[in-house]
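Report on the structure given below.
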Amino acid sequence: MRIAIGCDEAAYDLKHILIKHLETKGIEVKDFGSLKDESVLYPDVAYTVASEVADGGYERGVLLCGTGIGMAITANKVPGIRAAVCHDPYSTERSRKSNNCQIMTMGARVVAPELATYLLDIWLESDFSGGGSQAKVDRITELENLKI
């Protein structure tokens, strides 16, 4: 599996903890920023990572900022992307099993590093269950493709 990861300056330290965690699992990770002490506009990082995932260069993405909310909002602007804020085990699992999210977002000001690595593991181990959720995910895609 290949994972694209990115953050703003609020989540720089958490990003590196998660990169090390992923690498110990043998997962290939590409860091799309930010750099240490670099102030960035998180929408730029989110859009880049989400575009890389949508284009098929990476199977999944992880985006980090202060709360995870702005990253999720921005990532969801990229056609074909489903991103979810993941701050608890149940929602994290359901983001994959029910919604087939390819991008998880977390907030470094909301989630401690130990919880973040735990949630990341849950997210990585969860697969889309299809079933009754398939029609809902298909409908999300249909709505996304509507011409306004």
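Naming scheme: A, B, ... for chains in displayed order of the structure tokens; residues 1 onward per chain; ligands 1 onward as shown.
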message: Residues within 7 Å of range 55-59 of chain A, please, as a PyMOL selection string. Count only C-alpha atoms; anything in the same chain fewer than 3 positions from it doesn't count.
response: chain A and resi 1-4+51-52
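When only C-alpha atoms are used to compute distances to Thr92 in chain A, the closest of the residues A:Arg109, A:Leu124, A:Pro79, A:Ala72 turns out to be A:Leu124.
Counting only C-alpha atoms, Thr117 in chain A has the following residues at most 10 Å away, ignoring those fewer than 3 positions along the same chain: Leu14, Ile17, Leu18, Ile19, His21, Leu22, Val111, Ala112, Pro113, Glu114, Leu120, Asp121, Ile122 and Trp123 of chain A.
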Write a file of the selected residues as a PDB file, in the first residue's frame, keeping C-alpha atoms.
ATOM      1  CA  LEU A  14       2.161  14.231  14.723  1.00  0.00           C
ATOM      2  CA  ILE A  17       5.087  10.108  14.429  1.00  0.00           C
ATOM      3  CA  LEU A  18       2.578   8.615  11.981  1.00  0.00           C
ATOM      4  CA  ILE A  19       5.135   8.372   9.167  1.00  0.00           C
ATOM      5  CA  HIS A  21       4.553   4.179  12.510  1.00  0.00           C
ATOM      6  CA  LEU A  22       3.575   3.465   8.888  1.00  0.00           C
ATOM      7  CA  VAL A 111      -6.021  13.615  19.154  1.00  0.00           C
ATOM      8  CA  ALA A 112      -2.978  12.592  21.192  1.00  0.00           C
ATOM      9  CA  PRO A 113      -0.198  10.724  19.340  1.00  0.00           C
ATOM     10  CA  GLU A 114      -1.031   7.374  20.966  1.00  0.00           C
ATOM     11  CA  LEU A 120      -4.560   4.902  11.949  1.00  0.00           C
ATOM     12  CA  ASP A 121      -4.242   1.151  12.544  1.00  0.00           C
ATOM     13  CA  ILE A 122      -8.022   0.750  12.735  1.00  0.00           C
ATOM     14  CA  TRP A 123      -8.417   2.706   9.508  1.00  0.00           C
TER      15      TRP A 123
END
All strand (DSSP E or B) positions in chain A, as a list in words: Arg2, Ile3, Ala4, Ile5, Gly6, Cys7, Glu28, Val29, Lys30, Asp31, Arg60, Gly61, Val62, Leu63, Leu64, Cys65, Ala83, Ala84, Val85, Ile103, Met104, Thr105, Met106 and Gly107 of chain A
query: Which residues come within 12 Å of Val53 in chain A, counting only C-alpha atoms, excluding same-chain residues fewer than 5 positions away, as a ChimeraX atom specification?
result: /A:1-5,30,46-48,58-63,75-76,78-83,101-104
Would you output that residue set with N, CA, C and O atoms, as a short mmCIF file (atom, residue, chain, number, x, y, z; two decimals), in the first residue's frame?
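Output (out16.cif):
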data_model
loop_
_atom_site.label_atom_id
_atom_site.label_comp_id
_atom_site.auth_asym_id
_atom_site.auth_seq_id
_atom_site.Cartn_x
_atom_site.Cartn_y
_atom_site.Cartn_z
N MET A 1 0.84 -1.18 0.00
CA MET A 1 0.00 0.00 0.00
C MET A 1 0.88 1.24 0.00
O MET A 1 1.92 1.29 0.65
N ARG A 2 0.43 2.24 -0.74
CA ARG A 2 1.12 3.53 -0.79
C ARG A 2 0.20 4.59 -0.19
O ARG A 2 -0.96 4.67 -0.58
N ILE A 3 0.75 5.38 0.73
CA ILE A 3 -0.04 6.40 1.40
C ILE A 3 0.61 7.76 1.21
O ILE A 3 1.82 7.92 1.39
N ALA A 4 -0.21 8.74 0.83
CA ALA A 4 0.21 10.14 0.76
C ALA A 4 -0.18 10.79 2.08
O ALA A 4 -1.27 10.57 2.60
N ILE A 5 0.72 11.59 2.63
CA ILE A 5 0.45 12.25 3.90
C ILE A 5 0.82 13.72 3.81
O ILE A 5 1.76 14.08 3.09
N LYS A 30 4.62 8.88 1.23
CA LYS A 30 5.19 10.09 0.62
C LYS A 30 4.66 11.29 1.38
O LYS A 30 3.46 11.45 1.56
N ALA A 46 -3.99 19.82 1.47
CA ALA A 46 -5.12 18.88 1.35
C ALA A 46 -5.46 18.61 -0.10
O ALA A 46 -5.68 17.45 -0.49
N TYR A 47 -5.50 19.65 -0.89
CA TYR A 47 -5.86 19.49 -2.29
C TYR A 47 -4.81 18.66 -3.04
O TYR A 47 -5.16 17.80 -3.85
N THR A 48 -3.54 18.89 -2.74
CA THR A 48 -2.47 18.12 -3.37
C THR A 48 -2.56 16.64 -3.02
O THR A 48 -2.52 15.78 -3.90
N TYR A 58 -1.68 6.95 -5.16
CA TYR A 58 -1.65 6.44 -3.79
C TYR A 58 -3.02 5.83 -3.49
O TYR A 58 -4.04 6.36 -3.91
N GLU A 59 -3.00 4.73 -2.75
CA GLU A 59 -4.27 4.08 -2.40
C GLU A 59 -5.05 4.89 -1.38
O GLU A 59 -6.28 4.91 -1.41
N ARG A 60 -4.34 5.50 -0.46
CA ARG A 60 -4.99 6.25 0.61
C ARG A 60 -4.16 7.48 0.99
O ARG A 60 -2.99 7.58 0.64
N GLY A 61 -4.81 8.37 1.75
CA GLY A 61 -4.14 9.57 2.21
C GLY A 61 -4.48 9.86 3.66
O GLY A 61 -5.53 9.48 4.16
N VAL A 62 -3.55 10.54 4.31
CA VAL A 62 -3.72 10.98 5.69
C VAL A 62 -3.42 12.47 5.72
O VAL A 62 -2.36 12.90 5.24
N LEU A 63 -4.36 13.25 6.25
CA LEU A 63 -4.20 14.70 6.34
C LEU A 63 -4.37 15.14 7.79
O LEU A 63 -5.29 14.69 8.48
N ALA A 75 -10.29 18.31 1.12
CA ALA A 75 -10.08 17.05 0.39
C ALA A 75 -11.36 16.61 -0.32
O ALA A 75 -11.31 16.10 -1.45
N ASN A 76 -12.50 16.85 0.30
CA ASN A 76 -13.77 16.45 -0.30
C ASN A 76 -14.17 17.31 -1.50
O ASN A 76 -15.14 16.99 -2.18
N VAL A 78 -12.20 17.52 -4.05
CA VAL A 78 -11.58 16.82 -5.17
C VAL A 78 -12.53 15.72 -5.63
O VAL A 78 -12.89 14.84 -4.84
N PRO A 79 -12.93 15.74 -6.89
CA PRO A 79 -13.84 14.71 -7.40
C PRO A 79 -13.31 13.30 -7.15
O PRO A 79 -12.13 13.01 -7.37
N GLY A 80 -14.20 12.45 -6.66
CA GLY A 80 -13.85 11.06 -6.41
C GLY A 80 -13.31 10.79 -5.03
O GLY A 80 -13.08 9.63 -4.66
N ILE A 81 -13.11 11.82 -4.23
CA ILE A 81 -12.54 11.64 -2.90
C ILE A 81 -13.63 11.65 -1.85
O ILE A 81 -14.56 12.44 -1.88
N ARG A 82 -13.46 10.75 -0.89
CA ARG A 82 -14.27 10.73 0.32
C ARG A 82 -13.30 10.78 1.49
O ARG A 82 -12.52 9.86 1.70
N ALA A 83 -13.34 11.89 2.21
CA ALA A 83 -12.46 12.09 3.37
C ALA A 83 -13.32 12.26 4.61
O ALA A 83 -14.40 12.85 4.55
N CYS A 101 -14.00 5.62 2.61
CA CYS A 101 -13.14 6.82 2.57
C CYS A 101 -11.71 6.43 2.26
O CYS A 101 -11.16 5.49 2.84
N GLN A 102 -11.13 7.17 1.34
CA GLN A 102 -9.73 6.95 0.99
C GLN A 102 -8.80 7.86 1.78
O GLN A 102 -7.59 7.69 1.75
N ILE A 103 -9.36 8.86 2.43
CA ILE A 103 -8.54 9.81 3.19
C ILE A 103 -9.10 9.95 4.59
O ILE A 103 -10.31 10.15 4.77
N MET A 104 -8.22 9.84 5.56
CA MET A 104 -8.58 10.13 6.95
C MET A 104 -7.92 11.43 7.34
O MET A 104 -6.81 11.73 6.89
#
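Compared by their closest atoms to Ser39 in chain A, and using only C-alpha atoms, the residues A:Ile27, A:Ile73, A:Leu64, A:Ala10 rank with A:Ala10 nearest.
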So which residues of range 6-128 of chain A fall under helix (DSSP H, G or I) by DSSP, listed as a compact mmCIF listing (two decimals) with N, CA, C and O atoms, in the first residue's frame?
# COMPACT_ATOMS: atom_id res chain seq x y z
N GLU A 9 1.39 23.39 9.80
CA GLU A 9 2.39 23.53 10.87
C GLU A 9 1.87 23.05 12.23
O GLU A 9 2.65 22.62 13.07
N ALA A 10 0.56 23.06 12.45
CA ALA A 10 -0.01 22.61 13.72
C ALA A 10 0.19 21.11 13.95
O ALA A 10 0.19 20.66 15.09
N ALA A 11 0.36 20.35 12.89
CA ALA A 11 0.42 18.89 13.02
C ALA A 11 1.75 18.30 12.55
O ALA A 11 1.84 17.09 12.34
N TYR A 12 2.76 19.13 12.42
CA TYR A 12 4.06 18.65 11.92
C TYR A 12 4.59 17.48 12.76
O TYR A 12 5.00 16.45 12.22
N ASP A 13 4.60 17.63 14.08
CA ASP A 13 5.16 16.57 14.94
C ASP A 13 4.32 15.29 14.84
O ASP A 13 4.89 14.19 14.75
N LEU A 14 3.02 15.41 14.84
CA LEU A 14 2.16 14.23 14.72
C LEU A 14 2.39 13.53 13.39
O LEU A 14 2.43 12.30 13.32
N LYS A 15 2.54 14.31 12.34
CA LYS A 15 2.78 13.71 11.02
C LYS A 15 4.01 12.80 11.06
O LYS A 15 3.96 11.68 10.55
N HIS A 16 5.07 13.26 11.69
CA HIS A 16 6.30 12.45 11.70
C HIS A 16 6.16 11.21 12.58
O HIS A 16 6.74 10.16 12.26
N ILE A 17 5.38 11.30 13.63
CA ILE A 17 5.09 10.11 14.43
C ILE A 17 4.34 9.08 13.58
O ILE A 17 4.67 7.89 13.58
N LEU A 18 3.37 9.53 12.81
CA LEU A 18 2.58 8.62 11.98
C LEU A 18 3.40 8.07 10.82
O LEU A 18 3.24 6.89 10.46
N ILE A 19 4.26 8.87 10.24
CA ILE A 19 5.14 8.37 9.17
C ILE A 19 6.00 7.23 9.69
O ILE A 19 6.09 6.17 9.06
N LYS A 20 6.62 7.43 10.85
CA LYS A 20 7.46 6.37 11.43
C LYS A 20 6.63 5.12 11.71
O LYS A 20 7.09 3.99 11.45
N HIS A 21 5.44 5.30 12.22
CA HIS A 21 4.55 4.18 12.51
C HIS A 21 4.23 3.40 11.23
O HIS A 21 4.28 2.17 11.21
N LEU A 22 3.89 4.12 10.17
CA LEU A 22 3.58 3.47 8.89
C LEU A 22 4.79 2.74 8.33
O LEU A 22 4.67 1.62 7.82
N GLU A 23 5.94 3.35 8.41
CA GLU A 23 7.17 2.73 7.88
C GLU A 23 7.52 1.45 8.63
O GLU A 23 8.02 0.50 8.03
N THR A 24 7.24 1.39 9.95
CA THR A 24 7.51 0.15 10.70
C THR A 24 6.60 -0.97 10.23
O THR A 24 6.92 -2.14 10.44
N TYR A 42 -3.35 25.18 4.74
CA TYR A 42 -3.69 23.75 4.73
C TYR A 42 -4.53 23.35 3.53
O TYR A 42 -4.40 22.21 3.07
N PRO A 43 -5.37 24.23 2.96
CA PRO A 43 -6.12 23.78 1.78
C PRO A 43 -5.21 23.36 0.62
O PRO A 43 -5.55 22.45 -0.14
N ASP A 44 -4.05 24.01 0.50
CA ASP A 44 -3.13 23.64 -0.58
C ASP A 44 -2.58 22.23 -0.37
O ASP A 44 -2.49 21.44 -1.32
N VAL A 45 -2.21 21.91 0.86
CA VAL A 45 -1.70 20.57 1.17
C VAL A 45 -2.81 19.53 0.98
O VAL A 45 -2.59 18.49 0.35
N ALA A 46 -3.99 19.82 1.47
CA ALA A 46 -5.12 18.88 1.35
C ALA A 46 -5.46 18.61 -0.10
O ALA A 46 -5.68 17.45 -0.49
N TYR A 47 -5.50 19.65 -0.89
CA TYR A 47 -5.86 19.49 -2.29
C TYR A 47 -4.81 18.66 -3.04
O TYR A 47 -5.16 17.80 -3.85
N THR A 48 -3.54 18.89 -2.74
CA THR A 48 -2.47 18.12 -3.37
C THR A 48 -2.56 16.64 -3.02
O THR A 48 -2.52 15.78 -3.90
N VAL A 49 -2.70 16.34 -1.74
CA VAL A 49 -2.78 14.93 -1.31
C VAL A 49 -4.03 14.28 -1.89
O VAL A 49 -3.96 13.17 -2.43
N ALA A 50 -5.16 14.95 -1.81
CA ALA A 50 -6.40 14.37 -2.34
C ALA A 50 -6.32 14.14 -3.84
O ALA A 50 -6.80 13.12 -4.35
N SER A 51 -5.69 15.04 -4.56
CA SER A 51 -5.52 14.88 -6.01
C SER A 51 -4.64 13.68 -6.32
O SER A 51 -4.92 12.93 -7.26
N GLU A 52 -3.60 13.49 -5.55
CA GLU A 52 -2.71 12.34 -5.75
C GLU A 52 -3.46 11.03 -5.53
O GLU A 52 -3.28 10.07 -6.28
N VAL A 53 -4.31 11.00 -4.52
CA VAL A 53 -5.11 9.79 -4.26
C VAL A 53 -6.14 9.60 -5.37
O VAL A 53 -6.31 8.50 -5.90
N ALA A 54 -6.82 10.66 -5.74
CA ALA A 54 -7.85 10.57 -6.79
C ALA A 54 -7.26 10.12 -8.12
O ALA A 54 -7.91 9.38 -8.86
N ILE A 69 -10.71 19.19 10.53
CA ILE A 69 -11.94 19.59 9.85
C ILE A 69 -11.66 20.28 8.52
O ILE A 69 -12.23 19.91 7.49
N GLY A 70 -10.79 21.28 8.52
CA GLY A 70 -10.50 22.00 7.29
C GLY A 70 -9.87 21.11 6.23
O GLY A 70 -10.17 21.24 5.03
N MET A 71 -9.03 20.18 6.66
CA MET A 71 -8.42 19.24 5.72
C MET A 71 -9.50 18.38 5.06
O MET A 71 -9.48 18.16 3.85
N ALA A 72 -10.47 17.90 5.85
CA ALA A 72 -11.53 17.06 5.30
C ALA A 72 -12.40 17.85 4.33
O ALA A 72 -12.74 17.36 3.25
N ILE A 73 -12.75 19.07 4.71
CA ILE A 73 -13.57 19.90 3.83
C ILE A 73 -12.88 20.09 2.49
O ILE A 73 -13.49 19.93 1.43
N THR A 74 -11.60 20.43 2.54
CA THR A 74 -10.86 20.68 1.29
C THR A 74 -10.69 19.40 0.48
O THR A 74 -10.92 19.41 -0.73
N ALA A 75 -10.29 18.31 1.12
CA ALA A 75 -10.08 17.05 0.39
C ALA A 75 -11.36 16.61 -0.32
O ALA A 75 -11.31 16.10 -1.45
N PRO A 89 -12.54 5.58 17.66
CA PRO A 89 -12.44 4.29 16.98
C PRO A 89 -13.64 3.93 16.11
O PRO A 89 -13.47 3.45 14.99
N TYR A 90 -14.86 4.13 16.61
CA TYR A 90 -16.04 3.71 15.85
C TYR A 90 -16.17 4.50 14.55
O TYR A 90 -16.36 3.92 13.47
N SER A 91 -16.07 5.82 14.61
CA SER A 91 -16.18 6.63 13.40
C SER A 91 -15.06 6.33 12.42
O SER A 91 -15.27 6.34 11.20
N THR A 92 -13.90 6.07 12.94
CA THR A 92 -12.75 5.75 12.09
C THR A 92 -13.03 4.46 11.31
O THR A 92 -12.85 4.41 10.09
N GLU A 93 -13.49 3.44 12.00
CA GLU A 93 -13.81 2.17 11.34
C GLU A 93 -14.93 2.35 10.31
O GLU A 93 -14.86 1.86 9.20
N ARG A 94 -15.96 3.08 10.69
CA ARG A 94 -17.10 3.27 9.78
C ARG A 94 -16.73 4.11 8.57
O ARG A 94 -17.34 3.96 7.50
N SER A 95 -15.75 5.00 8.71
CA SER A 95 -15.33 5.80 7.54
C SER A 95 -14.87 4.90 6.41
O SER A 95 -15.06 5.23 5.24
N ARG A 96 -14.30 3.77 6.74
CA ARG A 96 -13.87 2.80 5.73
C ARG A 96 -14.99 1.81 5.40
O ARG A 96 -15.33 1.62 4.25
N LYS A 97 -15.54 1.17 6.42
CA LYS A 97 -16.49 0.08 6.19
C LYS A 97 -17.79 0.55 5.55
O LYS A 97 -18.34 -0.14 4.70
N PRO A 113 -0.94 11.62 20.24
CA PRO A 113 -0.20 10.72 19.34
C PRO A 113 -0.54 9.24 19.51
O PRO A 113 -0.65 8.52 18.52
N GLU A 114 -0.71 8.79 20.74
CA GLU A 114 -1.03 7.37 20.97
C GLU A 114 -2.38 7.02 20.36
O GLU A 114 -2.54 5.96 19.74
N LEU A 115 -3.35 7.88 20.54
CA LEU A 115 -4.67 7.64 19.95
C LEU A 115 -4.59 7.73 18.43
O LEU A 115 -5.21 6.92 17.72
N ALA A 116 -3.82 8.67 17.92
CA ALA A 116 -3.70 8.83 16.47
C ALA A 116 -3.13 7.57 15.82
O ALA A 116 -3.64 7.13 14.78
N THR A 117 -2.13 6.97 16.41
CA THR A 117 -1.56 5.74 15.83
C THR A 117 -2.56 4.59 15.93
O THR A 117 -2.68 3.78 15.02
N TYR A 118 -3.31 4.53 17.02
CA TYR A 118 -4.34 3.51 17.19
C TYR A 118 -5.43 3.67 16.12
O TYR A 118 -5.85 2.70 15.48
N LEU A 119 -5.89 4.89 15.92
CA LEU A 119 -6.91 5.16 14.91
C LEU A 119 -6.39 4.85 13.51
O LEU A 119 -7.12 4.29 12.67
N LEU A 120 -5.16 5.20 13.25
CA LEU A 120 -4.56 4.90 11.95
C LEU A 120 -4.56 3.39 11.69
O LEU A 120 -4.91 2.95 10.59
N ASP A 121 -4.22 2.61 12.70
CA ASP A 121 -4.24 1.15 12.54
C ASP A 121 -5.65 0.64 12.26
O ASP A 121 -5.85 -0.23 11.40
N ILE A 122 -6.63 1.15 12.98
CA ILE A 122 -8.02 0.75 12.74
C ILE A 122 -8.40 1.06 11.29
O ILE A 122 -8.98 0.22 10.59
N TRP A 123 -8.07 2.26 10.85
CA TRP A 123 -8.42 2.71 9.51
C TRP A 123 -7.74 1.85 8.44
O TRP A 123 -8.36 1.48 7.44
N LEU A 124 -6.48 1.51 8.66
CA LEU A 124 -5.75 0.70 7.69
C LEU A 124 -6.29 -0.73 7.61
O LEU A 124 -6.28 -1.35 6.56
N GLU A 125 -6.76 -1.25 8.73
CA GLU A 125 -7.24 -2.63 8.80
C GLU A 125 -8.70 -2.78 8.38
O GLU A 125 -9.18 -3.91 8.22
- prompt: What is the CA of Asp8 in chain A-CA of Phe128 in chain A distance in Å, reported with one decimal?
  reply: 28.5 Å
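In this model, the gap between CA of Ser98 in chain A and CA of Ser129 in chain A comes to 6.4 Å.
A straight line drawn from CA of Gly107 in chain A to CA of Lys136 in chain A is 26.9 Å long.
Using only C-alpha atoms, the shortest contact distance between Gly66 in chain A and any of A:Leu143, A:Val29, A:Val110, A:Val85 is found at A:Val110.
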